[in-house]
>>> print(open('structure.tsv').read())   # TSV, C-alpha atoms and all ligand atoms
chain	number	residue	atom	x	y	z
P	1	MET	CA	35.67	-25.92	32.19
P	2	LYS	CA	39.21	-27.02	31.37
P	3	ILE	CA	41.27	-29.49	33.37
P	4	LEU	CA	44.87	-30.67	33.29
P	5	VAL	CA	45.80	-34.20	34.34
P	6	THR	CA	49.53	-34.69	34.90
P	7	GLY	CA	50.26	-38.39	34.54
P	8	GLY	CA	47.00	-38.67	32.59
P	9	ALA	CA	48.28	-41.55	30.45
P	10	GLY	CA	48.69	-43.68	33.57
P	11	PHE	CA	46.29	-46.06	35.26
P	12	ILE	CA	44.48	-43.65	37.60
P	13	GLY	CA	45.03	-40.52	35.47
P	14	SER	CA	43.28	-42.10	32.48
P	15	HIS	CA	40.21	-42.72	34.67
P	16	ILE	CA	40.16	-39.03	35.65
P	17	VAL	CA	40.30	-38.18	31.94
P	18	GLU	CA	37.40	-40.60	31.39
P	19	HIS	CA	35.42	-39.18	34.33
P	20	PHE	CA	35.45	-35.70	32.80
P	21	GLN	CA	34.43	-36.76	29.27
P	22	GLY	CA	31.60	-34.49	28.15
P	23	GLN	CA	32.01	-32.28	31.24
P	24	ALA	CA	35.30	-30.53	30.60
P	25	GLU	CA	38.03	-29.96	28.05
P	26	VAL	CA	40.85	-32.26	29.09
P	27	ARG	CA	44.59	-31.73	28.70
P	28	VAL	CA	47.13	-34.38	29.63
P	29	LEU	CA	50.80	-33.79	30.45
P	30	ASP	CA	52.72	-37.06	30.51
P	31	ASN	CA	56.19	-38.19	29.48
P	32	LEU	CA	55.06	-41.84	29.18
P	33	ARG	CA	57.58	-42.98	31.78
P	34	SER	CA	55.16	-45.58	33.15
P	35	GLY	CA	51.96	-44.66	31.27
P	36	TYR	CA	50.70	-45.54	27.81
P	37	LYS	CA	48.95	-43.59	25.07
P	38	HIS	CA	46.62	-46.56	24.56
P	39	ASN	CA	45.19	-45.92	28.05
P	40	LEU	CA	43.61	-42.81	26.51
P	41	ALA	CA	42.24	-44.51	23.38
P	42	GLY	CA	38.79	-43.20	22.56
P	43	LEU	CA	38.94	-40.44	25.18
P	44	ALA	CA	38.79	-36.80	24.03
P	45	HIS	CA	41.91	-34.96	25.20
P	46	GLU	CA	44.84	-32.79	24.18
P	47	PHE	CA	48.15	-34.55	24.78
P	48	ILE	CA	51.40	-32.83	25.73
P	49	GLU	CA	54.26	-35.30	25.84
P	50	ALA	CA	56.69	-33.78	28.31
P	51	SER	CA	58.00	-34.08	31.83
P	52	ILE	CA	56.73	-32.09	34.79
P	53	LEU	CA	60.40	-31.15	35.22
P	54	ASP	CA	60.24	-29.22	31.93
P	55	ARG	CA	59.09	-25.84	33.24
P	56	ASP	CA	58.27	-24.42	29.80
P	57	ALA	CA	56.07	-27.40	29.02
P	58	VAL	CA	54.35	-27.12	32.40
P	59	ARG	CA	53.77	-23.38	31.81
P	60	ARG	CA	52.11	-24.20	28.47
P	61	ALA	CA	50.11	-27.03	30.01
P	62	VAL	CA	48.56	-24.91	32.79
P	63	GLN	CA	47.44	-22.06	30.50
P	64	GLY	CA	43.67	-21.53	30.62
P	65	VAL	CA	43.16	-24.42	33.02
P	66	ASP	CA	40.60	-24.31	35.86
P	67	TYR	CA	41.61	-27.43	37.78
P	68	ILE	CA	44.74	-29.58	37.93
P	69	PHE	CA	44.93	-33.22	38.97
P	70	HIS	CA	48.58	-33.87	39.71
P	71	LEU	CA	49.43	-37.55	39.42
P	72	ALA	CA	52.74	-37.62	37.50
P	73	ALA	CA	55.32	-39.23	39.74
P	74	MET	CA	57.79	-42.02	40.32
P	75	ILE	CA	55.15	-44.41	41.64
P	76	SER	CA	57.11	-47.34	42.98
P	77	VAL	CA	58.46	-47.73	46.52
P	78	PRO	CA	61.24	-50.21	45.52
P	79	GLU	CA	62.31	-48.00	42.60
P	80	SER	CA	62.44	-44.99	44.92
P	81	MET	CA	64.69	-46.95	47.31
P	82	ALA	CA	67.03	-47.70	44.41
P	83	LYS	CA	66.92	-44.14	42.98
P	84	PRO	CA	66.20	-41.71	45.84
P	85	VAL	CA	67.64	-38.62	44.16
P	86	GLU	CA	65.67	-39.21	40.95
P	87	CYS	CA	62.56	-39.84	43.04
P	88	ASN	CA	63.09	-36.62	44.97
P	89	GLU	CA	63.51	-34.68	41.76
P	90	MET	CA	60.44	-36.12	40.04
P	91	ASN	CA	58.09	-36.12	42.99
P	92	THR	CA	59.17	-33.14	45.08
P	93	THR	CA	60.79	-30.77	42.57
P	94	GLY	CA	58.26	-31.80	39.91
P	95	THR	CA	55.34	-31.05	42.22
P	96	LEU	CA	56.85	-27.71	43.17
P	97	ILE	CA	57.20	-26.72	39.50
P	98	VAL	CA	53.56	-27.67	38.84
P	99	LEU	CA	52.41	-25.71	41.93
P	100	GLU	CA	54.41	-22.60	40.99
P	101	GLU	CA	53.19	-22.53	37.41
P	102	ALA	CA	49.60	-23.30	38.46
P	103	ALA	CA	49.61	-20.44	40.98
P	104	LYS	CA	51.06	-18.01	38.40
P	105	ALA	CA	48.44	-19.02	35.83
P	106	GLY	CA	45.55	-18.43	38.26
P	107	VAL	CA	44.37	-22.05	38.38
P	108	LYS	CA	41.38	-22.44	40.73
P	109	LYS	CA	42.49	-25.60	42.54
P	110	LEU	CA	45.05	-28.41	42.39
P	111	VAL	CA	44.37	-31.91	43.71
P	112	LEU	CA	47.50	-33.92	44.56
P	113	SER	CA	47.62	-37.72	44.43
P	114	SER	CA	49.29	-38.66	47.69
P	115	SER	CA	49.56	-42.08	49.27
P	116	ALA	CA	48.85	-44.15	52.37
P	117	ALA	CA	52.56	-45.00	52.20
P	118	ILE	CA	53.18	-41.88	54.29
P	119	TYR	CA	51.79	-43.76	57.34
P	120	GLY	CA	54.69	-46.23	57.13
P	121	ASP	CA	54.46	-49.41	59.16
P	122	ASN	CA	52.81	-47.88	62.20
P	123	PRO	CA	50.70	-50.88	63.35
P	124	MET	CA	47.76	-48.71	64.42
P	125	VAL	CA	44.57	-49.18	62.39
P	126	PRO	CA	42.62	-47.46	61.08
P	127	LYS	CA	45.09	-44.90	59.77
P	128	ILE	CA	43.74	-41.46	60.52
P	129	GLU	CA	44.90	-38.24	58.87
P	130	THR	CA	46.04	-36.75	62.20
P	131	MET	CA	48.51	-39.59	62.89
P	132	LEU	CA	52.16	-38.64	62.85
P	133	PRO	CA	53.47	-39.68	59.41
P	134	GLU	CA	56.22	-42.30	59.46
P	135	PRO	CA	57.39	-42.38	55.84
P	136	LYS	CA	59.86	-45.20	55.27
P	137	SER	CA	60.89	-44.67	51.64
P	138	PRO	CA	61.87	-41.82	49.34
P	139	TYR	CA	58.49	-42.39	47.64
P	140	ALA	CA	56.59	-41.80	50.89
P	141	ILE	CA	58.83	-38.91	51.97
P	142	THR	CA	58.32	-37.13	48.64
P	143	LYS	CA	54.54	-37.64	48.80
P	144	LEU	CA	54.63	-35.97	52.22
P	145	ASP	CA	56.77	-33.16	50.79
P	146	GLY	CA	54.12	-32.67	48.11
P	147	GLU	CA	51.40	-32.46	50.76
P	148	PHE	CA	53.35	-29.85	52.74
P	149	TYR	CA	54.01	-27.78	49.61
P	150	CYS	CA	50.32	-27.96	48.69
P	151	GLN	CA	49.38	-26.74	52.16
P	152	MET	CA	51.99	-23.99	51.99
P	153	PHE	CA	50.59	-22.68	48.69
P	154	ALA	CA	47.06	-22.77	50.13
P	155	HIS	CA	48.09	-20.99	53.36
P	156	GLU	CA	49.88	-18.30	51.38
P	157	GLY	CA	46.72	-17.76	49.34
P	158	ARG	CA	48.54	-18.61	46.10
P	159	LEU	CA	46.52	-21.67	45.11
P	160	GLN	CA	43.74	-23.78	46.58
P	161	THR	CA	44.82	-27.39	47.08
P	162	ALA	CA	43.65	-30.72	48.43
P	163	CYS	CA	45.70	-33.88	48.91
P	164	LEU	CA	44.27	-37.36	48.58
P	165	ARG	CA	46.00	-40.26	50.33
P	166	TYR	CA	44.98	-43.27	48.26
P	167	PHE	CA	45.07	-46.70	49.83
P	168	ASN	CA	45.23	-49.72	47.46
P	169	VAL	CA	43.70	-48.74	44.13
P	170	PHE	CA	42.68	-51.31	41.53
P	171	GLY	CA	40.74	-51.41	38.28
P	172	PRO	CA	40.87	-51.57	34.50
P	173	ARG	CA	44.11	-50.48	32.81
P	174	GLN	CA	46.26	-51.26	35.86
P	175	ASP	CA	49.46	-52.78	34.52
P	176	PRO	CA	49.94	-56.44	35.57
P	177	GLY	CA	53.21	-56.67	33.68
P	178	SER	CA	55.33	-53.98	35.29
P	179	GLN	CA	58.18	-54.91	37.58
P	180	TYR	CA	56.30	-53.30	40.46
P	181	ALA	CA	52.78	-54.48	39.66
P	182	ALA	CA	50.13	-54.59	42.39
P	183	ALA	CA	48.37	-57.70	43.72
P	184	VAL	CA	44.93	-57.31	42.09
P	185	PRO	CA	46.03	-57.10	38.42
P	186	ILE	CA	48.62	-59.87	38.91
P	187	PHE	CA	46.11	-62.19	40.62
P	188	ILE	CA	43.44	-61.56	37.95
P	189	HIS	CA	45.90	-61.94	35.08
P	190	ARG	CA	47.20	-65.25	36.50
P	191	ALA	CA	43.77	-66.52	37.52
P	192	LEU	CA	42.45	-65.99	34.00
P	193	LYS	CA	45.39	-67.97	32.62
P	194	ASN	CA	45.15	-70.66	35.33
P	195	GLU	CA	48.74	-69.89	36.24
P	196	PRO	CA	50.07	-70.26	39.81
P	197	ILE	CA	49.44	-67.28	42.10
P	198	THR	CA	52.11	-66.35	44.64
P	199	ILE	CA	51.18	-64.83	47.98
P	200	TYR	CA	53.98	-63.30	50.04
P	201	GLY	CA	53.84	-64.13	53.76
P	202	ASP	CA	50.90	-66.06	55.23
P	203	GLY	CA	48.31	-64.07	53.28
P	204	GLU	CA	46.64	-62.88	56.48
P	205	GLN	CA	47.80	-59.30	55.94
P	206	THR	CA	44.84	-56.98	55.32
P	207	ARG	CA	44.35	-54.17	52.83
P	208	ASP	CA	41.75	-51.49	52.12
P	209	PHE	CA	41.20	-51.76	48.35
P	210	ILE	CA	39.29	-49.11	46.41
P	211	PHE	CA	38.02	-49.22	42.83
P	212	VAL	CA	39.66	-46.69	40.53
P	213	LYS	CA	36.39	-45.10	39.36
P	214	ASP	CA	35.72	-44.02	42.95
P	215	ILE	CA	39.24	-42.53	43.07
P	216	ALA	CA	38.49	-40.52	39.90
P	217	ALA	CA	35.19	-39.35	41.40
P	218	ALA	CA	36.95	-38.35	44.64
P	219	ASN	CA	39.38	-36.21	42.64
P	220	ALA	CA	36.52	-34.48	40.83
P	221	HIS	CA	34.64	-33.92	44.10
P	222	MET	CA	37.67	-32.33	45.77
P	223	ALA	CA	38.34	-30.04	42.82
P	224	LEU	CA	34.77	-28.83	42.56
P	225	HIS	CA	34.33	-28.20	46.32
P	226	PRO	CA	36.53	-25.21	47.15
P	227	GLU	CA	35.90	-25.61	50.89
P	228	ALA	CA	37.47	-29.11	50.90
P	229	ALA	CA	41.10	-28.41	51.76
P	230	GLY	CA	43.95	-30.29	53.41
P	231	VAL	CA	44.69	-33.98	53.48
P	232	PHE	CA	42.12	-36.79	53.08
P	233	ASN	CA	42.33	-40.57	53.11
P	234	VAL	CA	40.55	-42.13	50.14
P	235	ALA	CA	39.45	-45.74	50.61
P	236	TYR	CA	36.33	-47.71	51.53
P	237	GLY	CA	37.40	-48.06	55.17
P	238	GLY	CA	37.14	-51.84	54.85
P	239	LYS	CA	39.62	-54.69	55.09
P	240	ILE	CA	40.19	-57.93	53.23
P	241	THR	CA	43.03	-60.40	53.71
P	242	ILE	CA	45.19	-61.22	50.72
P	243	ASN	CA	44.03	-64.85	51.08
P	244	GLU	CA	40.38	-63.74	50.83
P	245	LEU	CA	41.19	-61.48	47.89
P	246	CYS	CA	42.86	-64.37	46.08
P	247	GLN	CA	39.96	-66.75	46.83
P	248	THR	CA	37.42	-64.17	45.63
P	249	ILE	CA	39.30	-63.58	42.37
P	250	CYS	CA	39.68	-67.33	41.76
P	251	ARG	CA	35.95	-67.88	42.44
P	252	LEU	CA	34.84	-65.00	40.19
P	253	THR	CA	37.11	-66.15	37.36
P	254	GLY	CA	36.41	-69.88	37.84
P	255	SER	CA	40.17	-70.29	37.98
P	256	LEU	CA	42.13	-73.50	38.52
P	257	SER	CA	45.23	-71.55	39.63
P	258	GLU	CA	47.35	-73.14	42.33
P	259	VAL	CA	48.15	-70.77	45.22
P	260	LYS	CA	51.78	-70.74	46.37
P	261	TYR	CA	53.27	-69.01	49.40
P	262	ALA	CA	56.64	-67.25	49.43
P	263	ALA	CA	58.63	-65.41	52.09
P	264	GLU	CA	57.12	-62.17	53.37
P	265	ARG	CA	58.57	-59.16	51.54
P	266	PRO	CA	60.66	-56.81	53.65
P	267	GLY	CA	58.80	-53.60	54.40
P	268	ASP	CA	55.33	-55.06	53.81
P	269	VAL	CA	52.83	-53.61	56.28
P	270	LYS	CA	50.71	-56.21	58.11
P	271	HIS	CA	47.46	-54.25	58.24
P	272	SER	CA	46.39	-51.19	56.31
P	273	MET	CA	42.94	-49.68	56.65
P	274	ALA	CA	41.77	-46.09	56.34
P	275	ALA	CA	39.69	-43.93	58.62
P	276	VAL	CA	37.24	-42.42	56.14
P	277	GLU	CA	35.21	-40.06	58.34
P	278	LYS	CA	37.05	-36.97	57.10
P	279	ILE	CA	36.36	-37.54	53.41
P	280	ARG	CA	32.76	-38.55	54.19
P	281	GLY	CA	32.45	-35.29	56.12
P	282	ALA	CA	33.54	-33.49	52.94
P	283	GLY	CA	30.44	-34.92	51.26
P	284	LEU	CA	32.01	-37.70	49.17
P	285	LYS	CA	29.88	-40.77	48.49
P	286	HIS	CA	31.29	-43.78	46.68
P	287	HIS	CA	29.37	-45.36	43.81
P	288	TRP	CA	31.14	-48.72	43.79
P	289	ASN	CA	32.24	-51.32	46.32
P	290	LEU	CA	34.94	-53.99	46.41
P	291	PRO	CA	32.99	-56.95	44.92
P	292	GLU	CA	31.46	-54.85	42.13
P	293	GLY	CA	34.81	-53.26	41.37
P	294	LEU	CA	36.51	-56.66	41.24
P	295	LYS	CA	33.83	-57.99	38.85
P	296	ALA	CA	34.28	-54.98	36.53
P	297	THR	CA	38.06	-55.35	36.65
P	298	ILE	CA	37.92	-59.07	35.86
P	299	GLU	CA	35.59	-58.32	32.96
P	300	TYR	CA	38.10	-55.79	31.64
P	301	PHE	CA	41.04	-58.20	31.88
P	302	ARG	CA	38.97	-61.00	30.34
P	303	ASN	CA	38.34	-58.81	27.29
P	304	ASN	CA	41.84	-57.39	27.14
P	305	SER	CA	44.04	-60.45	27.54
P	306	LYS	CA	44.04	-63.83	25.90
P	307	PRO	CA	43.55	-66.46	28.60
P	308	GLU	CA	44.92	-69.91	27.79
P	309	GLN	CA	42.79	-73.02	27.99
P	310	PRO	CA	42.61	-74.49	31.51
P	311	LYS	CA	45.51	-76.85	32.23
P	312	THR	CA	44.17	-80.13	33.59
W	401	LIG	N1	47.94	-47.13	42.19
W	401	LIG	C1	47.87	-46.97	43.50
W	401	LIG	O1	47.41	-47.88	44.24
W	401	LIG	C2	48.30	-45.67	44.13
W	401	LIG	C3	48.26	-45.57	45.53
W	401	LIG	C4	48.65	-44.37	46.12
W	401	LIG	C5	49.05	-43.30	45.34
W	401	LIG	N2	49.10	-43.43	43.99
W	401	LIG	C6	49.54	-42.26	43.22
W	401	LIG	O2	48.64	-42.02	42.16
W	401	LIG	C7	49.33	-41.45	41.04
W	401	LIG	C8	49.05	-42.27	39.80
W	401	LIG	O3	49.50	-43.60	39.99
W	401	LIG	P1	49.17	-44.77	38.96
W	401	LIG	O4	48.98	-46.00	39.78
W	401	LIG	O5	48.12	-44.34	38.02
W	401	LIG	O6	50.58	-44.92	38.23
W	401	LIG	P2	50.96	-44.83	36.67
W	401	LIG	O7	52.40	-45.19	36.56
W	401	LIG	O8	50.01	-45.64	35.85
W	401	LIG	O9	50.75	-43.29	36.37
W	401	LIG	C9	51.74	-42.31	36.54
W	401	LIG	C10	51.81	-41.50	35.26
W	401	LIG	O10	52.74	-40.42	35.45
W	401	LIG	C11	53.56	-40.33	34.27
W	401	LIG	N3	54.82	-39.70	34.66
W	401	LIG	C12	55.80	-40.21	35.44
W	401	LIG	N4	56.79	-39.33	35.57
W	401	LIG	C13	56.46	-38.21	34.86
W	401	LIG	C14	57.08	-36.97	34.61
W	401	LIG	N5	58.27	-36.68	35.13
W	401	LIG	N6	56.43	-36.07	33.85
W	401	LIG	C15	55.21	-36.36	33.31
W	401	LIG	N7	54.58	-37.54	33.50
W	401	LIG	C16	55.19	-38.46	34.28
W	401	LIG	C17	53.71	-41.76	33.81
W	401	LIG	O11	54.13	-41.89	32.47
W	401	LIG	C18	52.31	-42.32	34.07
W	401	LIG	O12	51.48	-42.11	32.95
W	401	LIG	C19	50.80	-41.41	41.42
W	401	LIG	O13	51.12	-40.13	41.89
W	401	LIG	C20	50.89	-42.44	42.54
W	401	LIG	O14	51.96	-42.17	43.41
W	401	LIG	C21	48.74	-44.58	43.37
>>> encode(input="structure.tsv", output="structure tokens")
Amino acid sequence: MKILVTGGAGFIGSHIVEHFQGQAEVRVLDNLRSGYKHNLAGLAHEFIEASILDRDAVRRAVQGVDYIFHLAAMISVPESMAKPVECNEMNTTGTLIVLEEAAKAGVKKLVLSSSAAIYGDNPMVPKIETMLPEPKSPYAITKLDGEFYCQMFAHEGRLQTACLRYFNVFGPRQDPGSQYAAAVPIFIHRALKNEPITIYGDGEQTRDFIFVKDIAAANAHMALHPEAAGVFNVAYGGKITINELCQTICRLTGSLSEVKYAAERPGDVKHSMAAVEKIRGAGLKHHWNLPEGLKATIEYFRNNSKPEQPKT
């Protein structure tokens, strides 16, 4: 078996590469826009450094491949607001190029990384796949475009596809230093250094966090089950407040970090939780849970950063 992971040098992509070690030949197509070669250290793979917008490179990358995991994208909502045309090109045109070349090459199935962002700030919870999407950013709109293109290719019989709407993913190799970093890596990084942690708003907003190894396993499951088609939420179907998340991380790290509160960020959704019946119905079982995932992630950051001595 041979797989292609676009965006394979990124946080989630590198875990898909890891998941398939010893099971498949792995090829990665990545232009290192927000990913790093060191994310793939020690993992067997063939690396093609190119953009998904480079059709010749994509054509080469899909040759002889059975399954494609398409993750390469502009991943940040704020960046997409600042650069909507670039976002549209990377996420919509890029996905279309990958779909066209995959279909021509006779790839068996493509799994698209989509996002819960497509639900927008509809206050209804849990978010269920049949809800009317309310995308509020170029990022979310282009993820929805990708889903529709995937469904179009499947309906036309050109390529089997499945689209996974991830909720909040966390785990090893998530970048705490990027301008658009997510809460879990920032909190852990700061907690380990006993630095102040900032929570935006009152911290009572809730999220449905999922450990990255379960995201990688969900991708593999969808690829290897031809009957699983369409759009699926991927999350645990649970909820934790940002205050509880912060307290848990501080307890697990033994941190002395002070918690500060800042103004709520515009566009932040109050509650986000997934309906997970559809993906369960497709036979997916998770192997991790939130506390175990957090412990593993803290362990990773402990071994991969240099925490300072506690400030007294
Ligand atoms: N992290 C999350 O919580 C989350 C939630 C929902 C959806 N997603 C989606 O999952 C996917 C992976 O996200 P991630 O968190 O691992 O981000 P990431 O930035 O770590 O990974 C994205 C990868 O794509 C590569 N890339 C970007 N543009 C490219 C291009 N034009 N050509 C080739 N490679 C390109 C980057 O260099 C990077 O390695 C993305 O599609 C993202 O939208 C992530």
>>> closest_residue(input="structure.tsv", among="P:Lys2, P:His19, P:His45, P:Arg207", to="ligand LIG 401 (chain W)", atoms="all atoms listed in the file")
P:Arg207
>>> closest_atom_pairs(input="structure.tsv", of="chain P", to="ligand LIG 401 (chain W)", cutoff="7 Å", atoms="all atoms listed in the file", output="JSON lines")
{"residue": "P:Thr6", "atom": "CA", "partner": "W:LIG401", "partner_atom": "N7", "distance": 6.0}
{"residue": "P:Gly7", "atom": "CA", "partner": "W:LIG401", "partner_atom": "O10", "distance": 3.3}
{"residue": "P:Gly8", "atom": "CA", "partner": "W:LIG401", "partner_atom": "O12", "distance": 5.7}
{"residue": "P:Ala9", "atom": "CA", "partner": "W:LIG401", "partner_atom": "O12", "distance": 4.1}
{"residue": "P:Gly10", "atom": "CA", "partner": "W:LIG401", "partner_atom": "O12", "distance": 3.3}
{"residue": "P:Phe11", "atom": "CA", "partner": "W:LIG401", "partner_atom": "O5", "distance": 3.7}
{"residue": "P:Ile12", "atom": "CA", "partner": "W:LIG401", "partner_atom": "O5", "distance": 3.7}
{"residue": "P:Gly13", "atom": "CA", "partner": "W:LIG401", "partner_atom": "O5", "distance": 5.5}
{"residue": "P:Leu29", "atom": "CA", "partner": "W:LIG401", "partner_atom": "C15", "distance": 5.9}
{"residue": "P:Asp30", "atom": "CA", "partner": "W:LIG401", "partner_atom": "N7", "distance": 3.6}
{"residue": "P:Asn31", "atom": "CA", "partner": "W:LIG401", "partner_atom": "C15", "distance": 4.4}
{"residue": "P:Leu32", "atom": "CA", "partner": "W:LIG401", "partner_atom": "O11", "distance": 3.4}
{"residue": "P:Arg33", "atom": "CA", "partner": "W:LIG401", "partner_atom": "O11", "distance": 3.7}
{"residue": "P:Ser34", "atom": "CA", "partner": "W:LIG401", "partner_atom": "O11", "distance": 3.9}
{"residue": "P:Gly35", "atom": "CA", "partner": "W:LIG401", "partner_atom": "O12", "distance": 3.1}
{"residue": "P:Tyr36", "atom": "CA", "partner": "W:LIG401", "partner_atom": "O12", "distance": 6.2}
{"residue": "P:Ala50", "atom": "CA", "partner": "W:LIG401", "partner_atom": "C15", "distance": 5.8}
{"residue": "P:Ser51", "atom": "CA", "partner": "W:LIG401", "partner_atom": "N6", "distance": 3.2}
{"residue": "P:Ile52", "atom": "CA", "partner": "W:LIG401", "partner_atom": "N6", "distance": 4.1}
{"residue": "P:Leu53", "atom": "CA", "partner": "W:LIG401", "partner_atom": "N5", "distance": 5.9}
{"residue": "P:Leu71", "atom": "CA", "partner": "W:LIG401", "partner_atom": "O13", "distance": 4.0}
{"residue": "P:Ala72", "atom": "CA", "partner": "W:LIG401", "partner_atom": "O10", "distance": 3.5}
{"residue": "P:Ala73", "atom": "CA", "partner": "W:LIG401", "partner_atom": "N4", "distance": 4.4}
{"residue": "P:Met74", "atom": "CA", "partner": "W:LIG401", "partner_atom": "N4", "distance": 5.5}
{"residue": "P:Ile75", "atom": "CA", "partner": "W:LIG401", "partner_atom": "O14", "distance": 4.3}
{"residue": "P:Met90", "atom": "CA", "partner": "W:LIG401", "partner_atom": "N5", "distance": 5.4}
{"residue": "P:Gly94", "atom": "CA", "partner": "W:LIG401", "partner_atom": "N5", "distance": 6.8}
{"residue": "P:Ser113", "atom": "CA", "partner": "W:LIG401", "partner_atom": "O13", "distance": 5.0}
{"residue": "P:Ser114", "atom": "CA", "partner": "W:LIG401", "partner_atom": "C5", "distance": 5.2}
{"residue": "P:Ser115", "atom": "CA", "partner": "W:LIG401", "partner_atom": "C4", "distance": 4.0}
{"residue": "P:Ala116", "atom": "CA", "partner": "W:LIG401", "partner_atom": "C4", "distance": 6.3}
{"residue": "P:Arg165", "atom": "CA", "partner": "W:LIG401", "partner_atom": "C4", "distance": 6.5}
{"residue": "P:Tyr166", "atom": "CA", "partner": "W:LIG401", "partner_atom": "C4", "distance": 4.4}
{"residue": "P:Phe167", "atom": "CA", "partner": "W:LIG401", "partner_atom": "C3", "distance": 5.5}
{"residue": "P:Asn168", "atom": "CA", "partner": "W:LIG401", "partner_atom": "O1", "distance": 4.3}
{"residue": "P:Val169", "atom": "CA", "partner": "W:LIG401", "partner_atom": "O1", "distance": 3.8}
{"residue": "P:Phe170", "atom": "CA", "partner": "W:LIG401", "partner_atom": "O1", "distance": 6.4}
{"residue": "P:Gln174", "atom": "CA", "partner": "W:LIG401", "partner_atom": "O8", "distance": 6.8}
>>> residues_around(input="structure.tsv", residues="Tyr139 (chain P)", least_positions_apart="2", cutoff="6 Å", atoms="all atoms listed in the file", output="ChimeraX atom specification")
/P:77,80,137,141-142
>>> closest_residue(input="structure.tsv", among="P:Asn219, P:Asn39, P:Asn88, P:Asn233", to="Gly281 (chain P)", atoms="only C-alpha atoms")
P:Asn233
>>> closest_residue(input="structure.tsv", among="P:Glu100, P:Lys136, P:Pro185, P:Val276", to="Asn122 (chain P)", atoms="all atoms listed in the file")
P:Lys136
>>> residues_around(input="structure.tsv", residues="region 259-264 of chain P", least_positions_apart="6", cutoff="6 Å", atoms="all atoms listed in the file", output="number ranges by chain")
P: 196-201
>>> residues_around(input="structure.tsv", residues="Met131 (chain P)", least_positions_apart="2", cutoff="12 Å", atoms="all atoms listed in the file", output="PyMOL selection string")
chain P and resi 116+118-120+122-129+133-135+231+233+274-275
>>> decode(input="structure.tsv", residues="region 261-300 of chain P", atoms="C-alpha atoms", output="mmCIF file, in the first residue's frame")
data_model
loop_
_atom_site.group_PDB
_atom_site.id
_atom_site.type_symbol
_atom_site.label_atom_id
_atom_site.label_comp_id
_atom_site.auth_asym_id
_atom_site.auth_seq_id
_atom_site.Cartn_x
_atom_site.Cartn_y
_atom_site.Cartn_z
ATOM 1 C CA TYR P 261 -7.937 37.179 31.895
ATOM 2 C CA ALA P 262 -8.102 39.369 28.787
ATOM 3 C CA ALA P 263 -10.946 40.664 26.627
ATOM 4 C CA GLU P 264 -12.884 38.052 24.667
ATOM 5 C CA ARG P 265 -11.561 37.737 21.114
ATOM 6 C CA PRO P 266 -13.950 38.813 18.373
ATOM 7 C CA GLY P 267 -15.392 35.833 16.541
ATOM 8 C CA ASP P 268 -14.727 33.343 19.349
ATOM 9 C CA VAL P 269 -17.563 30.810 19.589
ATOM 10 C CA LYS P 270 -18.995 30.354 23.099
ATOM 11 C CA HIS P 271 -19.662 26.615 22.915
ATOM 12 C CA SER P 272 -18.393 24.036 20.460
ATOM 13 C CA MET P 273 -19.196 20.362 20.793
ATOM 14 C CA ALA P 274 -19.625 17.677 18.156
ATOM 15 C CA ALA P 275 -22.377 15.176 17.545
ATOM 16 C CA VAL P 276 -20.354 12.001 17.023
ATOM 17 C CA GLU P 277 -23.062 9.444 16.206
ATOM 18 C CA LYS P 278 -22.319 9.516 12.480
ATOM 19 C CA ILE P 279 -18.631 8.669 12.779
ATOM 20 C CA ARG P 280 -19.405 6.043 15.449
ATOM 21 C CA GLY P 281 -21.921 4.561 13.008
ATOM 22 C CA ALA P 282 -19.075 4.294 10.483
ATOM 23 C CA GLY P 283 -17.331 1.974 12.945
ATOM 24 C CA LEU P 284 -14.684 4.325 14.354
ATOM 25 C CA LYS P 285 -13.565 3.729 17.938
ATOM 26 C CA HIS P 286 -11.152 6.077 19.669
ATOM 27 C CA HIS P 287 -8.153 4.704 21.544
ATOM 28 C CA TRP P 288 -7.411 7.768 23.652
ATOM 29 C CA ASN P 289 -9.351 10.252 25.767
ATOM 30 C CA LEU P 290 -8.794 13.845 26.858
ATOM 31 C CA PRO P 291 -6.899 13.246 30.153
ATOM 32 C CA GLU P 292 -4.633 10.577 28.637
ATOM 33 C CA GLY P 293 -3.991 12.726 25.584
ATOM 34 C CA LEU P 294 -3.140 15.731 27.748
ATOM 35 C CA LYS P 295 -0.698 13.637 29.825
ATOM 36 C CA ALA P 296 1.041 12.377 26.665
ATOM 37 C CA THR P 297 1.207 15.899 25.241
ATOM 38 C CA ILE P 298 2.661 17.338 28.457
ATOM 39 C CA GLU P 299 5.239 14.550 28.471
ATOM 40 C CA TYR P 300 6.203 15.457 24.912
#
